[in-house]
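**Q** This is the structure, below, for whatever I ask next.
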Amino acid sequence: GKRYYGGNEFIDAVENLARERAIKLFKAEHANVQSHSGATANAAAYLALLDPGDTVLAMDLAAGGHLTHGHKLNFSGKFYRFVGYGVTEDTERIDLDEVARLAREHKPKLIVAGASAYPRIIDFPGFQAVAEAVGAKLLVDMAHIAGLAATNVHPTPIPYADVVTTTTHKTLRGPRGAMIFCKHQFAEIIDKAVMPGTQGGPLDHVVAAKAVALKEALEPSFVEYQRQVVRNAQALAGTLAEASLRVVSGGTDNHLILVDVTGLGTTGKLAEKALEDVGIYANKNVIPFDQRKPLDPSGVRFGTPALTTRGFTEPDMRRIAQAIIDVLRTPLDEGVRHRTRQLVKELTEQHPLYPGLRYV
Ligand code: PLP
């Protein structure tokens with residue numbers, strides 16, 4: 001309703017629809033749907049809540065956090081003083097007592113919960129208690145789990161956090177983009193931090209696509225989709241673990257799994273390439289306490305949202321897991337590579353991207 005330019009009658013209608021749907025889906029007090037991406041959403045949240053040089057406690061990138069949670073080459077690490085928390089060595093899960101200890105020691109103005117490579121439930125009420133105890137604000141970056149949180153397949157952070165950022169293109173299954181939710185009291189500073197704080201004009205076509213994604217996410221079938229995403233991730237993890245691949249934290253509660261592939265005599269980089277060669281896409285990833293470097297780490301991260309959208313279920317995931325194991329064990333075996341390519345073809349034809357799609 002307050003644009004720099006005229007002729008925005010329909011653009012306003014689209015954006016308001018996206019905002020209403022976002023608020024309804026997440027039961028939030030306020031939503032800004034203009035953020036171009038997860039990184040700029042976090043930039044806006046920091047701009048609204050912090051001054052340069054302020055201390056922030058966030059998950060270490062090496063333990064599963066995101067670049068914008070304080071990496072030294074990222075704006076976040078340059079403008080603010082980030083302190084990292086990780087996971088424990090034995091459980092590979094976040095230890096809230098350790099987060100609380102670091103919070104007491106460093107007295108952050110802001111605590112960030114949320115991750116890019118963490119397969120377990122995050123205890124948002126626990127984080128809220130830690131933040132409250134030291135007088136810090138709580139920002140949850142739910143980029144990865146937004147779809148799960150929208151359907152309570154993962155507990156939602158919305159009631160517990162002052163501000164919640166999210167991308168719209170991961171489990172929420174929308175276009176590349178982002179949104180910010182917050183309590184009423186932060187609505188004005190968040191909106192201003194997005195525009196003019198960190199962005200110029202919004203990407204209106206993407207805002208329209210967010211509105212469509214949010215409509216889909218409000219359908220009852222979206223709940224079943226999210227449940228299946230988790231069941232598929234658990235089936236994948238289970239079969240990989242049976243073949244003595246080490247699954248970080250022993251399994252998953254969400255849409256992703258992290259696997260240590262070094263036990264098979266390979267590395268994350270080699271595994272990513274070997275799988276890509278046969279049509280299986282995953283990405284190399286550090287594992288907690290990784291002894292190897294980020295560009296050739298010990299782990300691979302697999303996610304199930306895309307395959308689940310195509311209708312893959314647990315038996316398919318178990319066949320894929322077996323193929324992954326075969327390829328990683330014998331990456332140069334032409335027979336294995338051929339059989340795996342055939343399997344990929346068979347499964348993707350069984351579950352086309354949309355009905356009627358013809359491959360040429
Ligand atoms: N936050 C988290 C937790 C993420 O995993 C990501 C993306 O991978 C982002 C933020 C950044 O999102 P974008 O790539 O849209 O900037």
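Each chain in the structure tokens gets a letter, A, B and so on, in the order shown; residues start at 1 in every chain, and ligands are counted from 1 in the order they appear.
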Show me which residues are within 6 Å of ligand 1 counting only C-alpha atoms and all ligand atoms, and format the list as a ChimeraX atom specification.
**A** /A:37-39,66,114-116,141,143-144,167,177
**Q** Leaving out Leu57 of chain A and any residue of its chain fewer than 3 positions from it, which residues lie within 9 Å of it when counting only C-alpha atoms, given as a PyMOL selection string?
**A** chain A and resi 69-70+81-85+99+102-103+106-113
**Q** Write out as a PyMOL selection string all residues of segment 131-242 of chain A that DSSP puts in helix (DSSP H, G or I) for this structure's backbone.
**A** chain A and resi 131-134+146-150+184-198+204-217+220-242
**Q** So which residues touch Asp123 of chain A within 12 Å, counting only C-alpha atoms, skipping near sequence neighbours fewer than 4 positions away, as a PDB file with N, CA and C atoms, in the first residue's frame?
**A**
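In the end it all went to result12.pdb:
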ATOM      1  N   ARG A  93      24.120 -34.048  18.751  1.00  0.00           N
ATOM      2  CA  ARG A  93      22.920 -33.208  18.859  1.00  0.00           C
ATOM      3  C   ARG A  93      23.279 -31.940  19.626  1.00  0.00           C
ATOM      4  N   ILE A  94      22.436 -30.919  19.451  1.00  0.00           N
ATOM      5  CA  ILE A  94      22.642 -29.670  20.183  1.00  0.00           C
ATOM      6  C   ILE A  94      22.437 -29.938  21.669  1.00  0.00           C
ATOM      7  N   ASP A  95      23.348 -29.406  22.485  1.00  0.00           N
ATOM      8  CA  ASP A  95      23.234 -29.552  23.925  1.00  0.00           C
ATOM      9  C   ASP A  95      22.844 -28.179  24.492  1.00  0.00           C
ATOM     10  N   LEU A  96      21.576 -28.062  24.926  1.00  0.00           N
ATOM     11  CA  LEU A  96      21.087 -26.744  25.367  1.00  0.00           C
ATOM     12  C   LEU A  96      21.814 -26.232  26.601  1.00  0.00           C
ATOM     13  N   ASP A  97      22.327 -27.162  27.433  1.00  0.00           N
ATOM     14  CA  ASP A  97      23.090 -26.712  28.606  1.00  0.00           C
ATOM     15  C   ASP A  97      24.354 -25.977  28.153  1.00  0.00           C
ATOM     16  N   VAL A  99      24.636 -24.431  25.216  1.00  0.00           N
ATOM     17  CA  VAL A  99      24.187 -23.149  24.642  1.00  0.00           C
ATOM     18  C   VAL A  99      23.979 -22.155  25.788  1.00  0.00           C
ATOM     19  N   ALA A 113      18.740 -19.778  16.344  1.00  0.00           N
ATOM     20  CA  ALA A 113      18.543 -21.229  16.269  1.00  0.00           C
ATOM     21  C   ALA A 113      18.135 -21.552  14.844  1.00  0.00           C
ATOM     22  N   GLY A 114      18.553 -22.705  14.363  1.00  0.00           N
ATOM     23  CA  GLY A 114      18.232 -23.078  12.986  1.00  0.00           C
ATOM     24  C   GLY A 114      19.511 -23.470  12.278  1.00  0.00           C
ATOM     25  N   PHE A 127      15.329 -23.024  23.570  1.00  0.00           N
ATOM     26  CA  PHE A 127      16.111 -21.864  23.128  1.00  0.00           C
ATOM     27  C   PHE A 127      15.508 -20.574  23.686  1.00  0.00           C
ATOM     28  N   GLN A 128      14.168 -20.515  23.701  1.00  0.00           N
ATOM     29  CA  GLN A 128      13.527 -19.304  24.230  1.00  0.00           C
ATOM     30  C   GLN A 128      13.917 -19.099  25.696  1.00  0.00           C
ATOM     31  N   ALA A 129      13.922 -20.206  26.448  1.00  0.00           N
ATOM     32  CA  ALA A 129      14.270 -20.097  27.870  1.00  0.00           C
ATOM     33  C   ALA A 129      15.706 -19.600  28.032  1.00  0.00           C
ATOM     34  N   VAL A 130      16.615 -20.121  27.207  1.00  0.00           N
ATOM     35  CA  VAL A 130      18.021 -19.687  27.291  1.00  0.00           C
ATOM     36  C   VAL A 130      18.122 -18.196  26.957  1.00  0.00           C
ATOM     37  N   VAL A 140      14.845 -17.408  14.975  1.00  0.00           N
ATOM     38  CA  VAL A 140      14.911 -18.766  14.430  1.00  0.00           C
ATOM     39  C   VAL A 140      14.965 -18.670  12.913  1.00  0.00           C
ATOM     40  N   HIS A 154       7.488 -30.985  12.351  1.00  0.00           N
ATOM     41  CA  HIS A 154       8.531 -30.516  13.277  1.00  0.00           C
ATOM     42  C   HIS A 154       7.859 -29.419  14.102  1.00  0.00           C
ATOM     43  N   PRO A 155       8.097 -29.372  15.437  1.00  0.00           N
ATOM     44  CA  PRO A 155       7.457 -28.310  16.219  1.00  0.00           C
ATOM     45  C   PRO A 155       7.757 -26.922  15.647  1.00  0.00           C
ATOM     46  N   THR A 156       6.759 -26.075  15.640  1.00  0.00           N
ATOM     47  CA  THR A 156       6.926 -24.739  15.054  1.00  0.00           C
ATOM     48  C   THR A 156       7.696 -23.800  15.999  1.00  0.00           C
ATOM     49  N   PRO A 157       8.528 -22.928  15.461  1.00  0.00           N
ATOM     50  CA  PRO A 157       9.216 -21.946  16.306  1.00  0.00           C
ATOM     51  C   PRO A 157       8.394 -20.678  16.542  1.00  0.00           C
ATOM     52  N   TYR A 160       7.660 -19.026  19.907  1.00  0.00           N
ATOM     53  CA  TYR A 160       8.793 -18.895  20.835  1.00  0.00           C
ATOM     54  C   TYR A 160       9.821 -17.849  20.431  1.00  0.00           C
ATOM     55  N   ALA A 161       9.853 -17.509  19.136  1.00  0.00           N
ATOM     56  CA  ALA A 161      10.919 -16.616  18.654  1.00  0.00           C
ATOM     57  C   ALA A 161      10.392 -15.199  18.479  1.00  0.00           C
TER      58      ALA A 161
END
**Q** What is the distance, in Å and to one decimal place, between atom CA of Phe312 of chain A and atom CA of His351 of chain A?
**A**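 Atom CA of His351 of chain A lies 6.9 Å from atom CA of Phe312 of chain A.
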**Q** Show which residues sit within 10 Å of Phe186 of chain A, as a list in words. Count only C-alpha atoms, and ignore same-chain residues fewer than 2 positions away.
**A** Glu29, His30, Ala45, Ala48, Leu49, Asp162, Val163, Phe181, Cys182, Lys183, His184, Glu188, Ile189, Ile190 and Asp191 of chain A
**Q** Between atom CA of Asn285 of chain A and atom CA of Leu258 of chain A, what is the distance, to one decimal in Å?
**A**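 Atom-to-atom, atom CA of Asn285 of chain A and atom CA of Leu258 of chain A are spaced 7.7 Å apart.
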**Q** Skipping near chain neighbours, those fewer than 5 positions away, what residues fall within 12 Å of Asp90 of chain A using only C-alpha atoms, listed as a list in words?
**A**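 The contact residues come out as Asp95, Val248, Ser249, Gly250, Pro288 and Phe289 of chain A.
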**Q** Next, the residues of the selection above should be written as a CSV table (one decimal), in the first residue's frame with all heavy atoms.
**A**
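Now in out.csv:
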chain,number,residue,atom,x,y,z
A,95,ASP,N,23.3,-29.4,22.5
A,95,ASP,CA,23.2,-29.6,23.9
A,95,ASP,C,22.8,-28.2,24.5
A,95,ASP,O,23.7,-27.3,24.5
A,95,ASP,CB,24.6,-30.0,24.5
A,95,ASP,CG,24.6,-30.1,26.0
A,95,ASP,OD1,23.6,-29.8,26.6
A,95,ASP,OD2,25.7,-30.3,26.5
A,248,VAL,N,25.0,-39.7,10.7
A,248,VAL,CA,25.3,-38.7,11.8
A,248,VAL,C,24.1,-38.6,12.8
A,248,VAL,O,22.9,-38.5,12.3
A,248,VAL,CB,25.6,-37.3,11.3
A,248,VAL,CG1,25.6,-36.2,12.3
A,248,VAL,CG2,27.0,-37.4,10.6
A,249,SER,N,24.3,-38.7,14.0
A,249,SER,CA,23.3,-38.7,15.1
A,249,SER,C,22.5,-39.9,15.1
A,249,SER,O,21.5,-40.0,15.8
A,249,SER,CB,22.5,-37.4,15.1
A,249,SER,OG,21.4,-37.6,14.2
A,250,GLY,N,22.8,-40.9,14.3
A,250,GLY,CA,22.1,-42.2,14.3
A,250,GLY,C,20.8,-42.2,13.6
A,250,GLY,O,20.1,-43.2,13.6
A,288,PRO,N,29.9,-33.2,11.9
A,288,PRO,CA,30.4,-32.7,13.1
A,288,PRO,C,31.8,-33.2,13.4
A,288,PRO,O,32.1,-34.4,13.2
A,288,PRO,CB,29.4,-33.1,14.2
A,288,PRO,CG,28.2,-33.3,13.4
A,288,PRO,CD,28.6,-33.8,12.1
A,289,PHE,N,32.7,-32.3,13.9
A,289,PHE,CA,34.1,-32.7,14.2
A,289,PHE,C,34.9,-33.2,13.0
A,289,PHE,O,35.7,-34.1,13.2
A,289,PHE,CB,34.1,-33.6,15.4
A,289,PHE,CG,33.3,-33.1,16.6
A,289,PHE,CD1,32.1,-33.6,16.8
A,289,PHE,CD2,33.8,-32.1,17.4
A,289,PHE,CE1,31.3,-33.1,17.9
A,289,PHE,CE2,33.1,-31.6,18.5
A,289,PHE,CZ,31.8,-32.1,18.7
**Q** So which residues of segment 30-217 of chain A fall under strand (DSSP E or B) by DSSP, listed as a ChimeraX atom specification?
**A** /A:30-32,55-59,81-85,87,94,110-113,137-141,163-167,178-182
**Q** Near segment 337-348 of chain A, counting only C-alpha atoms, which residues have an atom at most 8 Å away, once you skip same-chain residues fewer than 6 positions from it, shown as a PyMOL selection string?
**A** chain A and resi 278-280+316+323+327+331
**Q** Take the selection from the previous step and output its residues with N, CA, C and O atoms, as a tab-separated table (two decimals), in the first residue's frame.
**A**
chain	number	residue	atom	x	y	z
A	278	VAL	N	25.86	-41.20	-11.95
A	278	VAL	CA	24.81	-42.20	-12.23
A	278	VAL	C	23.41	-41.60	-12.08
A	278	VAL	O	22.41	-42.31	-12.11
A	279	GLY	N	23.33	-40.28	-11.88
A	279	GLY	CA	22.02	-39.62	-11.83
A	279	GLY	C	21.42	-39.48	-10.45
A	279	GLY	O	20.22	-39.28	-10.30
A	280	ILE	N	22.26	-39.59	-9.41
A	280	ILE	CA	21.77	-39.40	-8.03
A	280	ILE	C	22.44	-38.13	-7.49
A	280	ILE	O	23.67	-38.06	-7.41
A	316	ASP	N	10.92	-47.43	-2.51
A	316	ASP	CA	11.81	-46.77	-3.48
A	316	ASP	C	13.07	-46.28	-2.78
A	316	ASP	O	14.18	-46.40	-3.32
A	323	ALA	N	21.43	-48.72	-3.95
A	323	ALA	CA	22.22	-48.27	-5.11
A	323	ALA	C	23.34	-47.33	-4.67
A	323	ALA	O	24.48	-47.42	-5.16
A	327	VAL	N	27.30	-48.00	-5.36
A	327	VAL	CA	28.13	-47.04	-6.11
A	327	VAL	C	29.31	-46.56	-5.25
A	327	VAL	O	30.45	-46.47	-5.72
A	331	PRO	N	32.95	-47.40	-6.94
A	331	PRO	CA	32.59	-46.30	-7.84
A	331	PRO	C	33.05	-46.50	-9.29
A	331	PRO	O	32.51	-45.87	-10.18
**Q** Between atom CA of Asp260 of chain A and atom CA of Asn74 of chain A, what is the spacing in Å?
**A** 26.7 Å
**Q** Excluding same-chain residues fewer than 6 positions from segment 199-216 of chain A, what lies within 12 Å of it counting only C-alpha atoms, as a VMD selection string?
**A** chain A and resid 2 to 5 8 10 to 26 32 to 37 39 to 41 43 to 44 47 146 to 147 150 to 151 166 to 179 191 to 193 222 to 223 225
